[in-house]
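One structure is given below, encoded as structure tokens.
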Amino acid sequence: MLKFEYRICTSFNWTSKFAEEMKTCFFNSGFKFKNFKVLDNRNAKEKSELISEAEVVILAGGHVPTQNIFFQQINLKNELKTSNKIIGFSAGSMNCSEEVYAQPELQGESLDPNYKKFFKGLGITKSQILPHYNLIKNEYLDGKRLFEEITYTD
């Protein structure tokens, strides 16, 4: 299994910790892996080999625009164009669409006139996804109601 993880961070400790937690959850649910590898900036040059060897590619969470930039940098769309072994979680599922809607999520993003909310995705699905609705439906960002005053207006 190959798990792709990309986070806004200066250290990969968080990414590695999250990957281990995900691996444990899969293992506890009865899924057994020969290998469990994370593809990120530490090993991006090995992407073709890692993806071709993987039985499953999980596009995991993180900051949607940051993850999308990394996907573009490593030309992930081309790497996955013939793959049928992709699972998307959170930001990974959002970046699977043809056109990605990146709902502002960090302080200041909804106020920044240069924050880009729509961009090209991997083209795996036509549907735009907003995960975690039940967890964030009542949230505020930059003093505004996340859905009513930010997302719905988009």
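To be explicit about the labels: the chains of the structure tokens are called A, B, and onward in the order shown, and within each one the residues are counted from 1, while ligands get numbers from 1 in the order they are shown.
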Sort by chain and increasing residue number a table of all residues of stretch 87-119 of chain A within 8 Å of stretch 43-59 of chain A, each with its closest pair of atoms and their distance in Å to one decimal, counting only C-alpha atoms, and write it as a tab-separated table.
```
residue	atom	partner	partner_atom	distance
A:Ile87	CA	A:Ile58	CA	4.7
A:Gly88	CA	A:Leu59	CA	4.6
A:Phe89	CA	A:Leu59	CA	6.1
A:Ala91	CA	A:Leu59	CA	7.8
A:Gly92	CA	A:Leu59	CA	4.4
A:Ser93	CA	A:Leu59	CA	6.8
```
Serialized selection, C-alpha atoms, as an mmCIF file, in the first residue's frame:
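Okay, this is what ended up in out.cif:
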```
data_model
loop_
_atom_site.group_PDB
_atom_site.id
_atom_site.type_symbol
_atom_site.label_atom_id
_atom_site.label_comp_id
_atom_site.auth_asym_id
_atom_site.auth_seq_id
_atom_site.Cartn_x
_atom_site.Cartn_y
_atom_site.Cartn_z
ATOM 1 C CA ILE A 87 -8.783 6.006 -2.356
ATOM 2 C CA GLY A 88 -9.178 9.650 -1.351
ATOM 3 C CA PHE A 89 -9.631 10.956 2.186
ATOM 4 C CA ALA A 91 -8.103 16.911 1.110
ATOM 5 C CA GLY A 92 -7.067 13.954 -1.033
ATOM 6 C CA SER A 93 -10.674 13.350 -2.067
#
```
*asked:* Can you tell me which residues surround A:Glu20 at a distance of at most 12 Å, considering only C-alpha atoms, apart from same-chain residues fewer than 3 positions away, and format the answer as a ChimeraX atom specification?
replied: /A:3,5,13-17,23-27,36-38
DSSP on the backbone: what in chain A comes out strand (DSSP E), as a CSV table (one decimal) with all heavy atoms, in the first residue's frame?
```
chain,number,residue,atom,x,y,z
A,2,LEU,N,0.5,2.2,-0.7
A,2,LEU,CA,1.2,3.5,-0.7
A,2,LEU,C,0.2,4.5,-0.2
A,2,LEU,O,-0.9,4.6,-0.7
A,2,LEU,CB,1.6,3.9,-2.2
A,2,LEU,CG,2.2,5.3,-2.3
A,2,LEU,CD1,3.5,5.4,-1.6
A,2,LEU,CD2,2.4,5.6,-3.8
A,3,LYS,N,0.6,5.3,0.8
A,3,LYS,CA,-0.2,6.4,1.3
A,3,LYS,C,0.4,7.7,0.9
A,3,LYS,O,1.6,7.8,1.2
A,3,LYS,CB,-0.4,6.2,2.8
A,3,LYS,CG,-1.2,7.3,3.4
A,3,LYS,CD,-1.1,7.2,4.9
A,3,LYS,CE,-1.7,8.4,5.5
A,3,LYS,NZ,-0.9,9.6,5.3
A,4,PHE,N,-0.3,8.6,0.3
A,4,PHE,CA,0.3,9.9,0.0
A,4,PHE,C,-0.2,10.8,1.0
A,4,PHE,O,-1.4,10.9,1.3
A,4,PHE,CB,-0.2,10.3,-1.4
A,4,PHE,CG,0.2,11.7,-1.7
A,4,PHE,CD1,1.4,12.0,-2.2
A,4,PHE,CD2,-0.6,12.8,-1.4
A,4,PHE,CE1,1.9,13.3,-2.4
A,4,PHE,CE2,-0.2,14.1,-1.5
A,4,PHE,CZ,1.0,14.3,-2.0
A,37,LYS,N,4.0,2.7,2.7
A,37,LYS,CA,4.9,3.7,2.5
A,37,LYS,C,4.2,5.1,2.3
A,37,LYS,O,3.1,5.1,1.7
A,37,LYS,CB,5.8,3.4,1.3
A,37,LYS,CG,6.6,2.2,1.5
A,37,LYS,CD,7.4,1.8,0.2
A,37,LYS,CE,8.2,0.6,0.4
A,37,LYS,NZ,9.0,0.2,-0.7
A,38,VAL,N,4.9,6.1,2.7
A,38,VAL,CA,4.3,7.5,2.5
A,38,VAL,C,5.1,8.1,1.4
A,38,VAL,O,6.4,8.1,1.4
A,38,VAL,CB,4.5,8.3,3.8
A,38,VAL,CG1,4.0,9.7,3.6
A,38,VAL,CG2,3.7,7.7,4.9
A,39,LEU,N,4.4,8.8,0.5
A,39,LEU,CA,5.0,9.5,-0.6
A,39,LEU,C,4.9,11.0,-0.3
A,39,LEU,O,3.7,11.5,-0.1
A,39,LEU,CB,4.4,9.2,-2.0
A,39,LEU,CG,4.8,10.1,-3.1
A,39,LEU,CD1,6.3,10.1,-3.4
A,39,LEU,CD2,4.0,9.7,-4.4
A,57,VAL,N,-3.4,3.2,-3.4
A,57,VAL,CA,-2.8,4.5,-3.2
A,57,VAL,C,-3.9,5.3,-2.5
A,57,VAL,O,-5.0,5.5,-3.0
A,57,VAL,CB,-2.5,5.2,-4.6
A,57,VAL,CG1,-2.0,6.6,-4.4
A,57,VAL,CG2,-1.4,4.4,-5.3
A,58,ILE,N,-3.5,5.8,-1.3
A,58,ILE,CA,-4.4,6.6,-0.5
A,58,ILE,C,-4.0,8.0,-0.6
A,58,ILE,O,-2.9,8.4,-0.3
A,58,ILE,CB,-4.5,6.2,0.9
A,58,ILE,CG1,-5.0,4.7,1.1
A,58,ILE,CG2,-5.3,7.1,1.8
A,58,ILE,CD1,-4.9,4.2,2.4
A,59,LEU,N,-4.9,8.9,-1.1
A,59,LEU,CA,-4.6,10.3,-1.2
A,59,LEU,C,-5.2,10.9,0.1
A,59,LEU,O,-6.4,11.0,0.2
A,59,LEU,CB,-5.2,11.0,-2.4
A,59,LEU,CG,-4.8,10.3,-3.7
A,59,LEU,CD1,-5.6,10.9,-4.9
A,59,LEU,CD2,-3.3,10.5,-4.0
A,86,ILE,N,-7.1,3.9,-6.3
A,86,ILE,CA,-7.0,5.1,-5.6
A,86,ILE,C,-8.1,5.3,-4.6
A,86,ILE,O,-9.3,5.0,-4.9
A,86,ILE,CB,-7.0,6.3,-6.6
A,86,ILE,CG1,-5.9,6.2,-7.5
A,86,ILE,CG2,-7.0,7.6,-5.8
A,86,ILE,CD1,-6.0,7.1,-8.7
A,87,ILE,N,-7.8,5.7,-3.4
A,87,ILE,CA,-8.8,6.0,-2.4
A,87,ILE,C,-8.4,7.4,-1.9
A,87,ILE,O,-7.3,7.7,-1.6
A,87,ILE,CB,-8.7,5.0,-1.2
A,87,ILE,CG1,-9.0,3.6,-1.6
A,87,ILE,CG2,-9.7,5.5,-0.1
A,87,ILE,CD1,-8.8,2.6,-0.5
A,88,GLY,N,-9.4,8.3,-1.8
A,88,GLY,CA,-9.2,9.6,-1.4
A,88,GLY,C,-9.8,9.9,0.0
A,88,GLY,O,-11.0,9.5,0.2
A,99,GLU,N,-12.2,20.0,-11.2
A,99,GLU,CA,-12.0,21.4,-10.7
A,99,GLU,C,-12.2,21.3,-9.1
A,99,GLU,O,-13.2,20.8,-8.6
A,99,GLU,CB,-13.0,22.3,-11.2
A,99,GLU,CG,-12.8,23.7,-10.7
A,99,GLU,CD,-13.8,24.7,-11.2
A,99,GLU,OE1,-15.0,24.4,-11.2
A,99,GLU,OE2,-13.4,25.8,-11.7
A,100,VAL,N,-11.2,21.7,-8.4
A,100,VAL,CA,-11.1,21.7,-7.0
A,100,VAL,C,-11.7,23.0,-6.4
A,100,VAL,O,-11.3,24.0,-6.9
A,100,VAL,CB,-9.7,21.4,-6.5
A,100,VAL,CG1,-9.7,21.4,-4.9
A,100,VAL,CG2,-9.1,20.2,-7.0
A,101,TYR,N,-12.6,22.8,-5.4
A,101,TYR,CA,-13.0,24.0,-4.6
A,101,TYR,C,-12.2,23.9,-3.3
A,101,TYR,O,-12.5,22.9,-2.5
A,101,TYR,CB,-14.5,24.0,-4.4
A,101,TYR,CG,-14.9,25.1,-3.4
A,101,TYR,CD1,-14.7,26.5,-3.7
A,101,TYR,CD2,-15.3,24.8,-2.1
A,101,TYR,CE1,-15.0,27.5,-2.8
A,101,TYR,CE2,-15.7,25.8,-1.2
A,101,TYR,CZ,-15.5,27.1,-1.5
A,101,TYR,OH,-15.8,28.1,-0.6
A,118,PHE,N,-10.5,28.1,-6.5
A,118,PHE,CA,-10.8,27.1,-7.5
A,118,PHE,C,-9.5,26.8,-8.3
A,118,PHE,O,-8.9,27.8,-8.8
A,118,PHE,CB,-11.9,27.6,-8.5
A,118,PHE,CG,-13.2,27.7,-7.8
A,118,PHE,CD1,-13.6,28.9,-7.2
A,118,PHE,CD2,-14.1,26.6,-7.8
A,118,PHE,CE1,-14.9,29.0,-6.6
A,118,PHE,CE2,-15.3,26.7,-7.1
A,118,PHE,CZ,-15.7,27.9,-6.6
A,119,PHE,N,-9.2,25.6,-8.6
A,119,PHE,CA,-8.1,25.2,-9.4
A,119,PHE,C,-8.2,23.8,-10.0
A,119,PHE,O,-9.1,23.1,-9.6
A,119,PHE,CB,-6.7,25.4,-8.7
A,119,PHE,CG,-6.7,25.0,-7.2
A,119,PHE,CD1,-6.5,23.7,-6.9
A,119,PHE,CD2,-7.0,25.9,-6.2
A,119,PHE,CE1,-6.5,23.3,-5.6
A,119,PHE,CE2,-7.0,25.5,-4.9
A,119,PHE,CZ,-6.8,24.2,-4.6
A,120,LYS,N,-7.3,23.5,-10.9
A,120,LYS,CA,-7.4,22.2,-11.5
A,120,LYS,C,-7.0,21.1,-10.6
A,120,LYS,O,-6.0,21.2,-9.9
A,120,LYS,CB,-6.4,22.2,-12.7
A,120,LYS,CG,-6.8,21.4,-13.9
A,120,LYS,CD,-5.8,21.6,-15.0
A,120,LYS,CE,-6.7,21.6,-16.3
A,120,LYS,NZ,-6.0,21.7,-17.5
A,140,TYR,N,-16.6,29.0,12.6
A,140,TYR,CA,-16.4,30.4,12.1
A,140,TYR,C,-14.9,30.5,11.7
A,140,TYR,O,-14.0,29.8,12.2
A,140,TYR,CB,-16.6,31.4,13.3
A,140,TYR,CG,-18.0,31.7,13.6
A,140,TYR,CD1,-18.8,30.7,14.2
A,140,TYR,CD2,-18.6,32.9,13.2
A,140,TYR,CE1,-20.1,31.0,14.5
A,140,TYR,CE2,-19.9,33.1,13.4
A,140,TYR,CZ,-20.7,32.2,14.1
A,140,TYR,OH,-22.0,32.5,14.3
A,141,LEU,N,-14.7,31.3,10.7
A,141,LEU,CA,-13.3,31.6,10.2
A,141,LEU,C,-13.2,33.1,9.9
A,141,LEU,O,-14.1,33.6,9.2
A,141,LEU,CB,-13.0,30.8,8.9
A,141,LEU,CG,-11.7,31.0,8.3
A,141,LEU,CD1,-10.6,30.4,9.2
A,141,LEU,CD2,-11.6,30.3,6.9
A,144,LYS,N,-16.4,35.0,10.4
A,144,LYS,CA,-17.5,34.8,9.6
A,144,LYS,C,-17.9,33.3,9.7
A,144,LYS,O,-17.1,32.5,10.0
A,144,LYS,CB,-17.2,35.0,8.1
A,144,LYS,CG,-16.7,36.4,7.8
A,144,LYS,CD,-16.5,36.5,6.3
A,144,LYS,CE,-15.2,37.0,5.9
A,144,LYS,NZ,-14.9,37.0,4.5
A,145,ARG,N,-19.2,33.1,9.5
A,145,ARG,CA,-19.7,31.7,9.5
A,145,ARG,C,-19.2,31.0,8.3
A,145,ARG,O,-19.4,31.5,7.2
A,145,ARG,CB,-21.3,31.7,9.6
A,145,ARG,CG,-21.8,32.2,10.9
A,145,ARG,CD,-23.3,32.2,10.9
A,145,ARG,NE,-23.8,33.0,9.8
A,145,ARG,CZ,-25.1,33.1,9.5
A,145,ARG,NH1,-26.0,32.5,10.2
A,145,ARG,NH2,-25.5,33.8,8.5
```
_Which of chain A DSSP labels helix (DSSP H, G or I), written as a ChimeraX atom specification_ = /A:13-28,44-53,64-73,76-80,91-94,133-136,146-151
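Nearest to A:Leu80 of all the residues A:Val64, A:Tyr115, A:Leu122, A:Gln103 is A:Leu122, counting only C-alpha atoms.
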*Which one of A:Pro113, A:Gly30, A:Pro131, A:Gly143 sits closest to A:Gly62 if you count only C-alpha atoms?*
A:Pro131
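The closest residue to A:Asp154, picked from A:Phe70, A:Glu21, A:Phe31, A:Ala102 and counting only C-alpha atoms, is A:Ala102.
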